[in-house]
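Please read the structure below before turning to the comments.
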Amino acid sequence: MRILFIGDVVGRAGRAILSSELPKLRAAFALDLVIVNGENAAGGFGITESICQEFLDAGADCVTLGNHAFDQREALVFIERQPRLIRPANYPKGAPGRGANLIETRTGARALVVNLLGRVFLDAMDDPFAAIERELDACPLGLGCDAAVIDFHAEATSEKQAFGWFVDGRASLVVGTHTHAPTADARILPAGTAYMSDAGMTGDYDSVIGMEKDEPVRRFTTKLPAGRFEPASGPATLCGVAVETNAQGLAVRVAPVRIGGKLAPARPDFWG
Ligand code: FE2
């Protein structure tokens with residue numbers, strides 16, 4: 001299977017490059033599965049129903065979230081009727097929506113997609129390690145699904161790496177999101193799980209993690225808020241990771257993807 005995961009789409013700039021590039025990537029690489037993290041898509045905070053639909057129309061098979069999952073209050077309602085929108089699985093009991101889903105791809109394959117929140121430097125959540133154990137027990141790779149992709153939305157690289165080792169051999173891909181800066185450590189772990197500490201954001205890098213830089217710099221230097229955080233609106237970089245899996249659902253190839261904007265470009269060379 002050919003899988004593309006696209007990191008946190010931030011605001012209008014991120015949405016614009018996703019809409020223009022994803023249809024081309026889907027066709028050029030003959031992608032089987034596309035997952036987009038959309039938790040910062042609406043003005044940097046959360047996602048609306050129309051934006052979620054825009055992502056699906058552009059070629060995403062499903063959309064994952066994170067700590068800003070419910071910043072747009074409408075998400076509390078529409079997530080119940082949108083099975084392709086996945087919020088963190090380790091929310092407390094009773095949260096609306098679903099933390100994992102089995103997505104049928106256009107080619108008829110079954111992909112388990114799980115979203116989880118880390119607990120280091122973020123709000124306290126249920127244990128993500130226990131949560132993934134439950135999800136993979138219920139739907140084991142190679143038996144219940146043809147691919148398993150985990151979006152681990154977390155701040156600390158140590159927690160992400162520990163999580164990667166914890167599920168090595170049981171998932172196709174563990175990719176970190178949330179920090180909004182891509183890491184250079186995309187690789188396949190010994191038992192066959194592709195791993196990247198952070199996919200990076202899909203947004204304008206002439207910014208502080210996607211936001212216009214004046215207000216963040218002012219707050220760091222004065223400790224006084226003087227305005228709102230607004231998404232930066234310059235040309236965005238689409239960031240993510242490309243993975244190819246074998247018949248067992250394990251990774252055989254992995255490479256970072258960066259297109260447009262300020263960052264050095266990167267494209268997987270194995271799909272032509
Ligand atoms: Fe986040």
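FYI, nothing fancy with the structure tokens labels: chains A, B, ... in order, residues from 1 per chain, ligands from 1 as they appear.
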How would you write, as an MDAnalysis selection string, the set of residues no farther than 8 Å from ligand 1 when counting only C-alpha atoms and all ligand atoms? chainID A and resid 8 39:40 65:68 153:154 177:179
Report as a ChimeraX atom specification: the residues of region 117-246 of chain A with a DSSP assignment of strand (DSSP E), based on the backbone of this structure. /A:117,147-153,173-177,187-188,194-196,238-245
Residue subset to file, keeping N, CA and C atoms, as a CSV table (one decimal), in the first residue's frame:
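Contents of the output file again-v9.csv:
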chain,number,residue,atom,x,y,z
A,117,LEU,N,-3.2,11.3,22.0
A,117,LEU,CA,-2.5,12.5,22.5
A,117,LEU,C,-1.4,12.0,23.5
A,147,ALA,N,-3.4,-2.2,6.9
A,147,ALA,CA,-2.4,-1.2,7.3
A,147,ALA,C,-2.9,-0.6,8.6
A,148,ALA,N,-2.0,-0.1,9.5
A,148,ALA,CA,-2.4,0.6,10.7
A,148,ALA,C,-1.5,1.8,10.8
A,149,VAL,N,-2.1,2.9,10.9
A,149,VAL,CA,-1.4,4.2,11.0
A,149,VAL,C,-1.8,4.9,12.3
A,150,ILE,N,-0.8,5.3,13.0
A,150,ILE,CA,-1.0,6.0,14.3
A,150,ILE,C,-0.5,7.4,14.2
A,151,ASP,N,-1.3,8.4,14.4
A,151,ASP,CA,-0.9,9.8,14.6
A,151,ASP,C,-0.8,10.1,16.1
A,152,PHE,N,0.5,10.2,16.5
A,152,PHE,CA,0.7,10.4,17.9
A,152,PHE,C,1.0,11.9,18.1
A,153,HIS,N,0.0,12.6,18.6
A,153,HIS,CA,0.0,14.0,18.7
A,153,HIS,C,0.6,14.4,20.1
A,173,LEU,N,2.8,2.6,10.4
A,173,LEU,CA,3.4,3.9,10.6
A,173,LEU,C,3.0,4.5,12.0
A,174,VAL,N,4.0,5.0,12.7
A,174,VAL,CA,3.8,5.9,13.8
A,174,VAL,C,4.4,7.2,13.4
A,175,VAL,N,3.5,8.2,13.3
A,175,VAL,CA,4.1,9.6,13.0
A,175,VAL,C,3.6,10.5,14.1
A,176,GLY,N,4.6,11.4,14.5
A,176,GLY,CA,4.3,12.4,15.5
A,176,GLY,C,3.7,13.6,14.8
A,177,THR,N,2.8,14.3,15.5
A,177,THR,CA,2.4,15.6,15.0
A,177,THR,C,2.4,16.6,16.2
A,187,ARG,N,12.4,6.7,9.5
A,187,ARG,CA,13.1,5.4,9.3
A,187,ARG,C,12.2,4.3,9.6
A,188,ILE,N,12.6,3.1,9.2
A,188,ILE,CA,11.8,1.9,9.5
A,188,ILE,C,12.5,1.2,10.7
A,194,ALA,N,7.3,2.0,10.3
A,194,ALA,CA,7.9,3.3,9.9
A,194,ALA,C,7.6,4.3,11.0
A,195,TYR,N,8.6,5.1,11.2
A,195,TYR,CA,8.5,6.0,12.3
A,195,TYR,C,9.1,7.4,11.9
A,196,MET,N,8.4,8.5,12.3
A,196,MET,CA,9.0,9.8,12.2
A,196,MET,C,8.5,10.6,13.4
A,238,LEU,N,3.8,22.2,2.3
A,238,LEU,CA,3.1,20.9,2.7
A,238,LEU,C,4.1,20.0,3.2
A,239,CYS,N,3.9,19.5,4.4
A,239,CYS,CA,4.9,18.6,5.1
A,239,CYS,C,4.2,17.3,5.4
A,240,GLY,N,4.9,16.2,5.3
A,240,GLY,CA,4.4,14.9,5.7
A,240,GLY,C,5.4,13.8,5.5
A,241,VAL,N,4.8,12.6,5.4
A,241,VAL,CA,5.7,11.4,5.3
A,241,VAL,C,5.0,10.4,4.4
A,242,ALA,N,5.8,9.8,3.5
A,242,ALA,CA,5.3,8.8,2.6
A,242,ALA,C,5.8,7.4,3.0
A,243,VAL,N,4.9,6.4,2.9
A,243,VAL,CA,5.3,5.1,3.4
A,243,VAL,C,4.7,4.0,2.4
A,244,GLU,N,5.5,3.1,2.1
A,244,GLU,CA,5.0,1.9,1.3
A,244,GLU,C,5.1,0.7,2.2
A,245,THR,N,4.0,-0.1,2.2
A,245,THR,CA,3.9,-1.3,3.0
A,245,THR,C,3.8,-2.5,2.2
When you look at Ile17 (chain A) with a cut-off of 8 Å (counting only C-alpha atoms), what residues show up, excluding the ones that are within fewer than 2 positions of it in the same chain? I need them as a PDB file with N, CA, C and O atoms, in the first residue's frame.
ATOM      1  N   ALA A  13      -3.474  29.421   4.742  1.00  0.00           N
ATOM      2  CA  ALA A  13      -2.294  29.130   3.914  1.00  0.00           C
ATOM      3  C   ALA A  13      -2.092  27.618   3.788  1.00  0.00           C
ATOM      4  O   ALA A  13      -1.811  27.100   2.703  1.00  0.00           O
ATOM      5  N   GLY A  14      -2.272  26.908   4.881  1.00  0.00           N
ATOM      6  CA  GLY A  14      -2.125  25.458   4.856  1.00  0.00           C
ATOM      7  C   GLY A  14      -3.220  24.799   4.027  1.00  0.00           C
ATOM      8  O   GLY A  14      -2.967  23.872   3.253  1.00  0.00           O
ATOM      9  N   ARG A  15      -4.431  25.319   4.176  1.00  0.00           N
ATOM     10  CA  ARG A  15      -5.559  24.747   3.416  1.00  0.00           C
ATOM     11  C   ARG A  15      -5.356  24.952   1.916  1.00  0.00           C
ATOM     12  O   ARG A  15      -5.684  24.088   1.111  1.00  0.00           O
ATOM     13  N   SER A  19      -5.197  21.942  -0.853  1.00  0.00           N
ATOM     14  CA  SER A  19      -6.176  21.846  -1.951  1.00  0.00           C
ATOM     15  C   SER A  19      -5.499  21.807  -3.306  1.00  0.00           C
ATOM     16  O   SER A  19      -5.962  21.130  -4.215  1.00  0.00           O
ATOM     17  N   SER A  20      -4.381  22.542  -3.452  1.00  0.00           N
ATOM     18  CA  SER A  20      -3.748  22.574  -4.772  1.00  0.00           C
ATOM     19  C   SER A  20      -2.838  21.379  -5.003  1.00  0.00           C
ATOM     20  O   SER A  20      -2.743  20.873  -6.112  1.00  0.00           O
ATOM     21  N   GLU A  21      -2.160  20.893  -3.951  1.00  0.00           N
ATOM     22  CA  GLU A  21      -1.153  19.830  -4.151  1.00  0.00           C
ATOM     23  C   GLU A  21      -1.687  18.412  -3.959  1.00  0.00           C
ATOM     24  O   GLU A  21      -1.224  17.482  -4.618  1.00  0.00           O
ATOM     25  N   LEU A  22      -2.613  18.228  -3.019  1.00  0.00           N
ATOM     26  CA  LEU A  22      -3.020  16.844  -2.710  1.00  0.00           C
ATOM     27  C   LEU A  22      -3.619  16.095  -3.910  1.00  0.00           C
ATOM     28  O   LEU A  22      -3.247  14.938  -4.147  1.00  0.00           O
ATOM     29  N   THR A 202       1.719  21.757   7.819  1.00  0.00           N
ATOM     30  CA  THR A 202       1.430  22.244   6.477  1.00  0.00           C
ATOM     31  C   THR A 202       0.930  23.667   6.671  1.00  0.00           C
ATOM     32  O   THR A 202      -0.238  23.893   7.003  1.00  0.00           O
ATOM     33  N   ALA A 236       2.717  28.469   1.935  1.00  0.00           N
ATOM     34  CA  ALA A 236       2.887  27.377   2.887  1.00  0.00           C
ATOM     35  C   ALA A 236       3.753  26.265   2.314  1.00  0.00           C
ATOM     36  O   ALA A 236       3.894  26.129   1.101  1.00  0.00           O
ATOM     37  N   THR A 237       4.320  25.476   3.224  1.00  0.00           N
ATOM     38  CA  THR A 237       4.984  24.221   2.866  1.00  0.00           C
ATOM     39  C   THR A 237       4.055  23.079   3.258  1.00  0.00           C
ATOM     40  O   THR A 237       3.571  23.046   4.397  1.00  0.00           O
ATOM     41  N   LEU A 238       3.821  22.172   2.329  1.00  0.00           N
ATOM     42  CA  LEU A 238       3.089  20.941   2.662  1.00  0.00           C
ATOM     43  C   LEU A 238       4.123  19.959   3.207  1.00  0.00           C
ATOM     44  O   LEU A 238       5.114  19.659   2.539  1.00  0.00           O
TER      45      LEU A 238
END
Please run DSSP on the backbone and report, as a PyMOL selection string, all residues within region 88-170 of chain A that come out as alpha helix (DSSP H). chain A and resi 128-138+157-167
Of the candidates A:Pro128, A:Asp61, A:Ile79, A:Pro182, which shows the shortest atom-to-atom distance to Ala266 (chain A), using only C-alpha atoms? A:Pro182
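Remark: for Ala58 (chain A), the closest of the candidate residues A:Leu189, A:Ala16, A:Ala95, A:Ala42 is A:Ala16 (distances computed over only C-alpha atoms).
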Could you check the closest approach to Arg106 (chain A) for each of A:Arg134, A:Gly200, A:Asp32, A:Ala69 and tell me which residue wins, using only C-alpha atoms?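 Nearest to Arg106 (chain A): A:Asp32.
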Name the closest residue to Leu76 (chain A) among the candidates A:Leu102, A:Gly46, A:Asp198, A:Phe55; distances are taken between atoms, counting only C-alpha atoms.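 Comparing A:Leu102, A:Gly46, A:Asp198, A:Phe55 against Leu76 (chain A), the winner is A:Gly46.
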List the spatial neighbours of Ile103 (chain A) as a list in words - criterion: any atom at most 9 Å away, only C-alpha atoms, same-chain residues fewer than 2 positions off excluded. Leu33, Asp61, Cys62, Pro83, Arg84, Asn101, Thr105, Ala109, Arg110, Ala111, Leu112 and Val113 of chain A
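Straight-line separation from CA of Arg228 (chain A) to CA of Met211 (chain A): 9.8 Å.
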